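The structure appears below as structure tokens.
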Amino acid sequence: MAPSSSSTSVLLILLLSVVPASLASTPVSDGLELELGGDGLYREILRDETVLRLKELGKISDGEGFLERTFLSPASFRATDVIISWMKDAGLTTWVDQMGNIHGRFEPSNSTDKALLIGSHMDTVIDAGMYDGALGIICAISALKVLRVTGKLQRLTRPVEVIAFSDEEGVRFQTTFLGSAAVAGILPESILQVSDKSGTTVQEVLGLNSFEASADALGQVKYSPESVGSYVEVHLEQGPVLEALRYPLGVVKGIAGQTRLKVIVDGSQGHAGTVPMKLRRDPMVAAAELVVTLEGLCKDPSRFLTYDEECGCFTEESLAGLVCTVGELLTWPSASNVIPGQVNFTVDIRAMDDLVRETIVASFSRIVMQRCDHRLVDCAVEHKHSAAATPCDPELTVQLKRATRSAVSAMAPGGHGHGRAVGAGESTAATPVLMSGAGHDAMAMARLTRVGMLFVRCRGGVSHSPEEHVAEDDVWAAGLALLRFVDQHAVAEL
């Protein structure tokens, strides 16, 4: 009996996974290339193998029964070994730098062009999903593997490098982008003295794991802007827009700027049963009013903001994507029969337009003081973090849109690949262009080079959760779009 198509796919994956490194750049035979993607869609690598690898990496965890993989943890080193083996399988030269970032690079002979970097992060939050970060790493490796098996890797006109960044989430040391900031050359030496909850510093953790752990070592990680032409990142959307649009992929126009505040409200602590309502200086009530005020300010900012050079107001476009969140609220002494003496809460404000964000911050700070004066409580607003918005490069955005449109069209019913990335009843409209409200490694890499991002649809917009999910065909679409981008961007025509 002839083997089934699914059995053949699994066999091909196993065969391709054991190709010796010495043969990594050798093109496959025409017959095998036909099996792998005579239709140009390469499902066995870009979907089947990529999904298997996502599941494999998702099992490498420091937690028992949940996914947790933080900066330089035991699980991170197990993951490093696996990722390096996949990079070698794609025909890449590999190394780990002094911040634990994993690099896989193909260097064409006699090329003087600047490198194309493709990457994402290998660390996770606690109780994570298996797609955040890992999707971008594995899709990139898979795309380059297709170039290897089709003989196109040798036709690259510029160096292409995949980077798995060691830390983006900032879970262990409460500071984000340790990996990509080091590569971009913006990580300060002072970071070495930052401690985790156990009191262990970044420098000590690096030293314990045989890294040099010095300012000079950080300098070795830094890339020269003259050596890098662009950085591209594939990432799940972490939001519901693509699902609502019934489209598998979207191109990112920019990453929102962010401000984090801490608001401290001091009142008069007292007995819940003996202090009359009219005589209270209750910080909880004041804080509640401020939280609701913040919601109104960000839901309908046009009621509060009146700036524009021409029309005297903020434009609808500039206000798009403005979001404000109170994520943590603490009271003291936090007892059911005590009027609190102090309440503090966090504020997270994000917008694509930095002027809008800064104006919202200033307006809210002013309102805080006004409402607190009215309620006879004392208030302070502390600025904890601020990051400017990061626009994506217009040229890269156009190229990613073109690659996405090509990939999705090929996979649609009636496309030459007969795929299902866009199924019956789904949209075949123009590639969506989105803003990212979440931070990504591309924010740090934008300090080094021009950046572009591709978002992948996720179920329910859920992320940072075990419920995080990307459909297998959407994984395939992302890999194919990235493959076509690299093919257009860095492969010489015969």
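Going by the structure tokens order, chains are called A, B, ..., each with residues numbered from 1, while ligands are numbered from 1 in the order shown.
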Compile the contact shell of stretch 437-451 of chain A as a PyMOL selection string: residues with an atom at most 6 Å away, counting only C-alpha atoms, same-chain residues fewer than 5 positions apart removed.
-> chain A and resi 180-181+184+225+230-232+256+390+392-393
Would you list the contacts of stretch 261-266 of chain A as number ranges by chain, taking every protein, DNA or RNA residue within 9 Å and counting only C-alpha atoms, but skipping same-chain residues closer than 3 positions in sequence?
-> A: 269, 281-284, 286-287, 340-349, 361, 368, 372, 377-385
Can you tell me how far atom CA of A:Thr201 sits from atom CA of A:Ala79, in Å to one decimal?
-> 22.3 Å
In Å, how far is it from atom CA of A:Asp354 to atom CA of A:Gln399?
-> 26.0 Å
Would you please give, as a ChimeraX atom specification, all residues of stretch 80-228 of chain A that DSSP assigns to strand (DSSP E or B) based on the backbone?
-> /A:93-96,102-106,115-121,156,160-165,195,201,228
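Taking only C-alpha atoms, the non-local environment of A:Phe165 within 7 Å (same-chain residues fewer than 2 positions away omitted) comprises A:Asn101, A:Ile102, A:Ser120, A:His121, A:Met122, A:Ile163, A:Asp167, A:Gly179, A:Ser180.
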Residues flagged helix (DSSP H, G or I) by DSSP in stretch 325-468 of chain A, as an MDAnalysis selection string | chainID A and resid 354:374 394:411 441:445 459:461
How would the residues just chosen look if you wrote them out with N, CA and C atoms as a tab-separated table (two decimals), in the first residue's frame?
```
chain	number	residue	atom	x	y	z
A	354	ASP	N	2.97	60.54	20.04
A	354	ASP	CA	3.62	60.89	21.30
A	354	ASP	C	3.03	62.16	21.90
A	355	LEU	N	2.63	63.12	21.06
A	355	LEU	CA	2.06	64.36	21.59
A	355	LEU	C	0.73	64.08	22.30
A	356	VAL	N	-0.07	63.18	21.72
A	356	VAL	CA	-1.33	62.80	22.36
A	356	VAL	C	-1.04	62.18	23.73
A	357	ARG	N	-0.11	61.23	23.76
A	357	ARG	CA	0.23	60.55	25.02
A	357	ARG	C	0.72	61.56	26.07
A	358	GLU	N	1.62	62.44	25.67
A	358	GLU	CA	2.16	63.42	26.62
A	358	GLU	C	1.08	64.38	27.11
A	359	THR	N	0.15	64.71	26.22
A	359	THR	CA	-0.93	65.62	26.61
A	359	THR	C	-1.90	64.94	27.57
A	360	ILE	N	-2.18	63.65	27.31
A	360	ILE	CA	-3.05	62.90	28.22
A	360	ILE	C	-2.40	62.80	29.59
A	361	VAL	N	-1.09	62.53	29.62
A	361	VAL	CA	-0.38	62.44	30.89
A	361	VAL	C	-0.47	63.77	31.65
A	362	ALA	N	-0.23	64.88	30.95
A	362	ALA	CA	-0.28	66.20	31.59
A	362	ALA	C	-1.69	66.53	32.07
A	363	SER	N	-2.70	66.20	31.22
A	363	SER	CA	-4.09	66.49	31.58
A	363	SER	C	-4.52	65.67	32.79
A	364	PHE	N	-4.17	64.39	32.80
A	364	PHE	CA	-4.56	63.54	33.93
A	364	PHE	C	-3.86	64.00	35.21
A	365	SER	N	-2.59	64.35	35.11
A	365	SER	CA	-1.86	64.82	36.29
A	365	SER	C	-2.51	66.07	36.88
A	366	ARG	N	-2.95	66.95	35.99
A	366	ARG	CA	-3.62	68.18	36.45
A	366	ARG	C	-4.96	67.85	37.12
A	367	ILE	N	-5.69	66.93	36.50
A	367	ILE	CA	-7.00	66.54	37.06
A	367	ILE	C	-6.83	65.88	38.42
A	368	VAL	N	-5.78	65.06	38.57
A	368	VAL	CA	-5.51	64.42	39.86
A	368	VAL	C	-5.42	65.46	40.96
A	369	MET	N	-4.63	66.50	40.72
A	369	MET	CA	-4.45	67.53	41.76
A	369	MET	C	-5.75	68.27	42.05
A	370	GLN	N	-6.54	68.54	41.00
A	370	GLN	CA	-7.80	69.24	41.20
A	370	GLN	C	-8.79	68.41	42.02
A	371	ARG	N	-8.93	67.13	41.67
A	371	ARG	CA	-9.89	66.28	42.39
A	371	ARG	C	-9.44	66.01	43.82
A	372	CYS	N	-8.13	65.88	44.00
A	372	CYS	CA	-7.63	65.62	45.35
A	372	CYS	C	-7.83	66.85	46.24
A	373	ASP	N	-7.61	68.02	45.69
A	373	ASP	CA	-7.88	69.25	46.45
A	373	ASP	C	-9.35	69.32	46.85
A	374	HIS	N	-10.22	68.96	45.95
A	374	HIS	CA	-11.66	69.01	46.20
A	374	HIS	C	-12.04	68.04	47.33
A	394	PRO	N	8.64	52.79	6.27
A	394	PRO	CA	7.63	52.74	5.20
A	394	PRO	C	8.00	51.77	4.07
A	395	GLU	N	9.28	51.73	3.68
A	395	GLU	CA	9.69	50.84	2.59
A	395	GLU	C	9.54	49.38	2.99
A	396	LEU	N	9.98	49.03	4.21
A	396	LEU	CA	9.82	47.66	4.68
A	396	LEU	C	8.34	47.30	4.80
A	397	THR	N	7.53	48.26	5.23
A	397	THR	CA	6.09	48.01	5.37
A	397	THR	C	5.47	47.69	4.02
A	398	VAL	N	5.84	48.40	2.99
A	398	VAL	CA	5.33	48.12	1.64
A	398	VAL	C	5.78	46.74	1.18
A	399	GLN	N	7.04	46.40	1.43
A	399	GLN	CA	7.55	45.09	1.02
A	399	GLN	C	6.86	43.96	1.77
A	400	LEU	N	6.60	44.16	3.06
A	400	LEU	CA	5.89	43.14	3.83
A	400	LEU	C	4.44	43.01	3.38
A	401	LYS	N	3.81	44.13	3.03
A	401	LYS	CA	2.45	44.07	2.50
A	401	LYS	C	2.41	43.29	1.20
A	402	ARG	N	3.38	43.53	0.34
A	402	ARG	CA	3.44	42.83	-0.94
A	402	ARG	C	3.63	41.33	-0.73
A	403	ALA	N	4.54	40.96	0.18
A	403	ALA	CA	4.80	39.55	0.47
A	403	ALA	C	3.58	38.89	1.10
A	404	THR	N	2.90	39.62	1.98
A	404	THR	CA	1.70	39.09	2.63
A	404	THR	C	0.59	38.86	1.61
A	405	ARG	N	0.38	39.84	0.76
A	405	ARG	CA	-0.67	39.71	-0.25
A	405	ARG	C	-0.39	38.53	-1.17
A	406	SER	N	0.87	38.36	-1.54
A	406	SER	CA	1.26	37.26	-2.41
A	406	SER	C	1.02	35.92	-1.73
A	407	ALA	N	1.41	35.81	-0.45
A	407	ALA	CA	1.26	34.55	0.27
A	407	ALA	C	-0.20	34.19	0.50
A	408	VAL	N	-0.99	35.16	0.96
A	408	VAL	CA	-2.39	34.89	1.27
A	408	VAL	C	-3.17	34.58	-0.01
A	409	SER	N	-2.86	35.27	-1.10
A	409	SER	CA	-3.54	34.99	-2.36
A	409	SER	C	-3.22	33.58	-2.85
A	410	ALA	N	-1.97	33.16	-2.69
A	410	ALA	CA	-1.58	31.82	-3.14
A	410	ALA	C	-2.27	30.74	-2.33
A	411	MET	N	-2.56	31.03	-1.06
A	411	MET	CA	-3.17	30.03	-0.18
A	411	MET	C	-4.69	30.06	-0.19
A	441	ASP	N	10.59	43.60	20.59
A	441	ASP	CA	12.03	43.79	20.39
A	441	ASP	C	12.31	44.81	19.29
A	442	ALA	N	11.39	44.94	18.36
A	442	ALA	CA	11.58	45.93	17.28
A	442	ALA	C	11.75	47.34	17.83
A	443	MET	N	11.20	47.62	19.01
A	443	MET	CA	11.36	48.95	19.60
A	443	MET	C	12.83	49.23	19.91
A	444	ALA	N	13.50	48.23	20.49
A	444	ALA	CA	14.93	48.39	20.78
A	444	ALA	C	15.75	48.39	19.50
A	445	MET	N	15.40	47.50	18.58
A	445	MET	CA	16.17	47.38	17.34
A	445	MET	C	16.04	48.61	16.45
A	459	ARG	N	-6.39	33.55	18.21
A	459	ARG	CA	-7.78	33.27	18.59
A	459	ARG	C	-8.22	34.14	19.76
A	460	GLY	N	-9.28	34.91	19.55
A	460	GLY	CA	-9.84	35.72	20.61
A	460	GLY	C	-8.98	36.90	21.02
A	461	GLY	N	-7.87	37.11	20.33
A	461	GLY	CA	-6.95	38.17	20.73
A	461	GLY	C	-6.22	37.87	22.03
```
Would you list the contacts of stretch 468-483 of chain A as a list in words, taking every protein, DNA or RNA residue within 7 Å and counting only C-alpha atoms, but skipping same-chain residues closer than 6 positions in sequence?
-> Leu41, Arg43, Leu46, Arg47, Val51, Gly129, Cys139, Ser142, Ala143, Pro248, Leu249, Ala403, Thr404, Ala407, Val408, Arg420, Ala421, Val456, Arg457, Cys458, Arg459 and Val462 of chain A
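The residue that comes closest to A:Ala412, out of A:Ile255, A:Tyr247, A:Leu72, A:Leu54 and on the basis of only C-alpha atoms, is A:Tyr247.
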For each of A:Thr112, A:Ser214, A:Thr50, A:Ser436, take the minimum atom-to-atom distance to A:Pro188, counting only C-alpha atoms, then give the residue where this is smallest.
->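 Closest candidate: A:Ser214.
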Within 6 Å of A:Ala490, counting only C-alpha atoms, which residues show up once you throw out same-chain ones fewer than 5 positions away? Write them as a PyMOL selection string, please.
-> chain A and resi 156-158
Go ahead and dump the residues you just picked, N, CA, C and O atoms, as a PDB file, in the first residue's frame.
```
ATOM      1  N   LEU A 156      21.733  34.078  -1.843  1.00  0.00           N
ATOM      2  CA  LEU A 156      21.495  35.295  -1.058  1.00  0.00           C
ATOM      3  C   LEU A 156      22.503  36.373  -1.448  1.00  0.00           C
ATOM      4  O   LEU A 156      23.692  36.092  -1.620  1.00  0.00           O
ATOM      5  N   THR A 157      22.009  37.581  -1.570  1.00  0.00           N
ATOM      6  CA  THR A 157      22.865  38.698  -1.964  1.00  0.00           C
ATOM      7  C   THR A 157      23.364  39.492  -0.761  1.00  0.00           C
ATOM      8  O   THR A 157      24.175  40.388  -0.915  1.00  0.00           O
ATOM      9  N   ARG A 158      22.842  39.170   0.412  1.00  0.00           N
ATOM     10  CA  ARG A 158      23.242  39.871   1.626  1.00  0.00           C
ATOM     11  C   ARG A 158      23.219  38.868   2.784  1.00  0.00           C
ATOM     12  O   ARG A 158      22.519  37.843   2.710  1.00  0.00           O
TER      13      ARG A 158
END
```
Counting only C-alpha atoms, what is within 12 Å of A:Ser224, bar same-chain residues fewer than 2 positions away, as JSON, numbers by chain?
-> {"A": [114, 115, 182, 183, 184, 185, 186, 219, 220, 221, 222, 226, 227, 228, 229, 445, 447, 448, 449]}
Writing out the chosen residues with N, CA and C atoms as a PDB file, in the first residue's frame:
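File written: result.pdb
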```pdb
ATOM      1  N   LYS A 114      24.596  45.186   3.589  1.00  0.00           N
ATOM      2  CA  LYS A 114      24.242  45.146   5.004  1.00  0.00           C
ATOM      3  C   LYS A 114      23.308  43.968   5.282  1.00  0.00           C
ATOM      4  N   ALA A 115      23.366  43.468   6.505  1.00  0.00           N
ATOM      5  CA  ALA A 115      22.616  42.263   6.867  1.00  0.00           C
ATOM      6  C   ALA A 115      21.134  42.546   7.088  1.00  0.00           C
ATOM      7  N   ALA A 182      20.834  45.015  24.081  1.00  0.00           N
ATOM      8  CA  ALA A 182      22.279  44.771  24.027  1.00  0.00           C
ATOM      9  C   ALA A 182      22.763  44.746  22.583  1.00  0.00           C
ATOM     10  N   VAL A 183      22.012  44.079  21.708  1.00  0.00           N
ATOM     11  CA  VAL A 183      22.386  44.032  20.287  1.00  0.00           C
ATOM     12  C   VAL A 183      22.322  45.422  19.670  1.00  0.00           C
ATOM     13  N   ALA A 184      21.331  46.199  20.061  1.00  0.00           N
ATOM     14  CA  ALA A 184      21.171  47.552  19.516  1.00  0.00           C
ATOM     15  C   ALA A 184      22.163  48.541  20.113  1.00  0.00           C
ATOM     16  N   GLY A 185      22.843  48.140  21.183  1.00  0.00           N
ATOM     17  CA  GLY A 185      23.845  49.012  21.789  1.00  0.00           C
ATOM     18  C   GLY A 185      23.282  50.077  22.700  1.00  0.00           C
ATOM     19  N   ILE A 186      22.074  49.844  23.231  1.00  0.00           N
ATOM     20  CA  ILE A 186      21.440  50.860  24.091  1.00  0.00           C
ATOM     21  C   ILE A 186      21.270  50.361  25.521  1.00  0.00           C
ATOM     22  N   GLY A 219      29.717  45.461  25.277  1.00  0.00           N
ATOM     23  CA  GLY A 219      30.156  46.125  24.052  1.00  0.00           C
ATOM     24  C   GLY A 219      30.372  45.165  22.907  1.00  0.00           C
ATOM     25  N   GLN A 220      30.746  43.920  23.226  1.00  0.00           N
ATOM     26  CA  GLN A 220      30.954  42.911  22.185  1.00  0.00           C
ATOM     27  C   GLN A 220      29.637  42.465  21.545  1.00  0.00           C
ATOM     28  N   VAL A 221      28.549  42.572  22.298  1.00  0.00           N
ATOM     29  CA  VAL A 221      27.235  42.154  21.787  1.00  0.00           C
ATOM     30  C   VAL A 221      26.689  43.164  20.782  1.00  0.00           C
ATOM     31  N   LYS A 222      27.051  44.421  20.954  1.00  0.00           N
ATOM     32  CA  LYS A 222      26.516  45.514  20.140  1.00  0.00           C
ATOM     33  C   LYS A 222      26.868  45.356  18.665  1.00  0.00           C
ATOM     34  N   GLU A 226      26.364  50.392  10.685  1.00  0.00           N
ATOM     35  CA  GLU A 226      26.858  50.283   9.312  1.00  0.00           C
ATOM     36  C   GLU A 226      26.797  48.856   8.784  1.00  0.00           C
ATOM     37  N   SER A 227      26.630  47.876   9.671  1.00  0.00           N
ATOM     38  CA  SER A 227      26.628  46.471   9.238  1.00  0.00           C
ATOM     39  C   SER A 227      25.224  45.902   9.069  1.00  0.00           C
ATOM     40  N   VAL A 228      24.203  46.676   9.486  1.00  0.00           N
ATOM     41  CA  VAL A 228      22.827  46.158   9.489  1.00  0.00           C
ATOM     42  C   VAL A 228      21.946  47.029   8.599  1.00  0.00           C
ATOM     43  N   GLY A 229      21.222  46.366   7.688  1.00  0.00           N
ATOM     44  CA  GLY A 229      20.348  47.100   6.779  1.00  0.00           C
ATOM     45  C   GLY A 229      18.920  47.217   7.267  1.00  0.00           C
ATOM     46  N   MET A 445      15.404  47.498  18.578  1.00  0.00           N
ATOM     47  CA  MET A 445      16.173  47.375  17.339  1.00  0.00           C
ATOM     48  C   MET A 445      16.037  48.605  16.455  1.00  0.00           C
ATOM     49  N   ARG A 447      16.523  51.474  17.344  1.00  0.00           N
ATOM     50  CA  ARG A 447      17.642  52.363  17.685  1.00  0.00           C
ATOM     51  C   ARG A 447      18.903  51.982  16.910  1.00  0.00           C
ATOM     52  N   LEU A 448      18.881  50.803  16.283  1.00  0.00           N
ATOM     53  CA  LEU A 448      20.021  50.324  15.505  1.00  0.00           C
ATOM     54  C   LEU A 448      19.805  50.471  14.014  1.00  0.00           C
ATOM     55  N   THR A 449      18.575  50.177  13.559  1.00  0.00           N
ATOM     56  CA  THR A 449      18.311  50.111  12.120  1.00  0.00           C
ATOM     57  C   THR A 449      16.828  50.321  11.867  1.00  0.00           C
TER      58      THR A 449
END
```
Check the smallest atom-to-atom distance from each of A:Phe211, A:Ile141, A:Gly327, A:Asn110 to A:Ser85 using only C-alpha atoms, then report the winner.
-> A:Ile141
If you measure from atom CA of A:Arg350 to atom CA of A:Cys324, what distance in Å do you get, rounded to one decimal?
->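 Straight-line distance from atom CA of A:Arg350 to atom CA of A:Cys324 works out to 6.4 Å.
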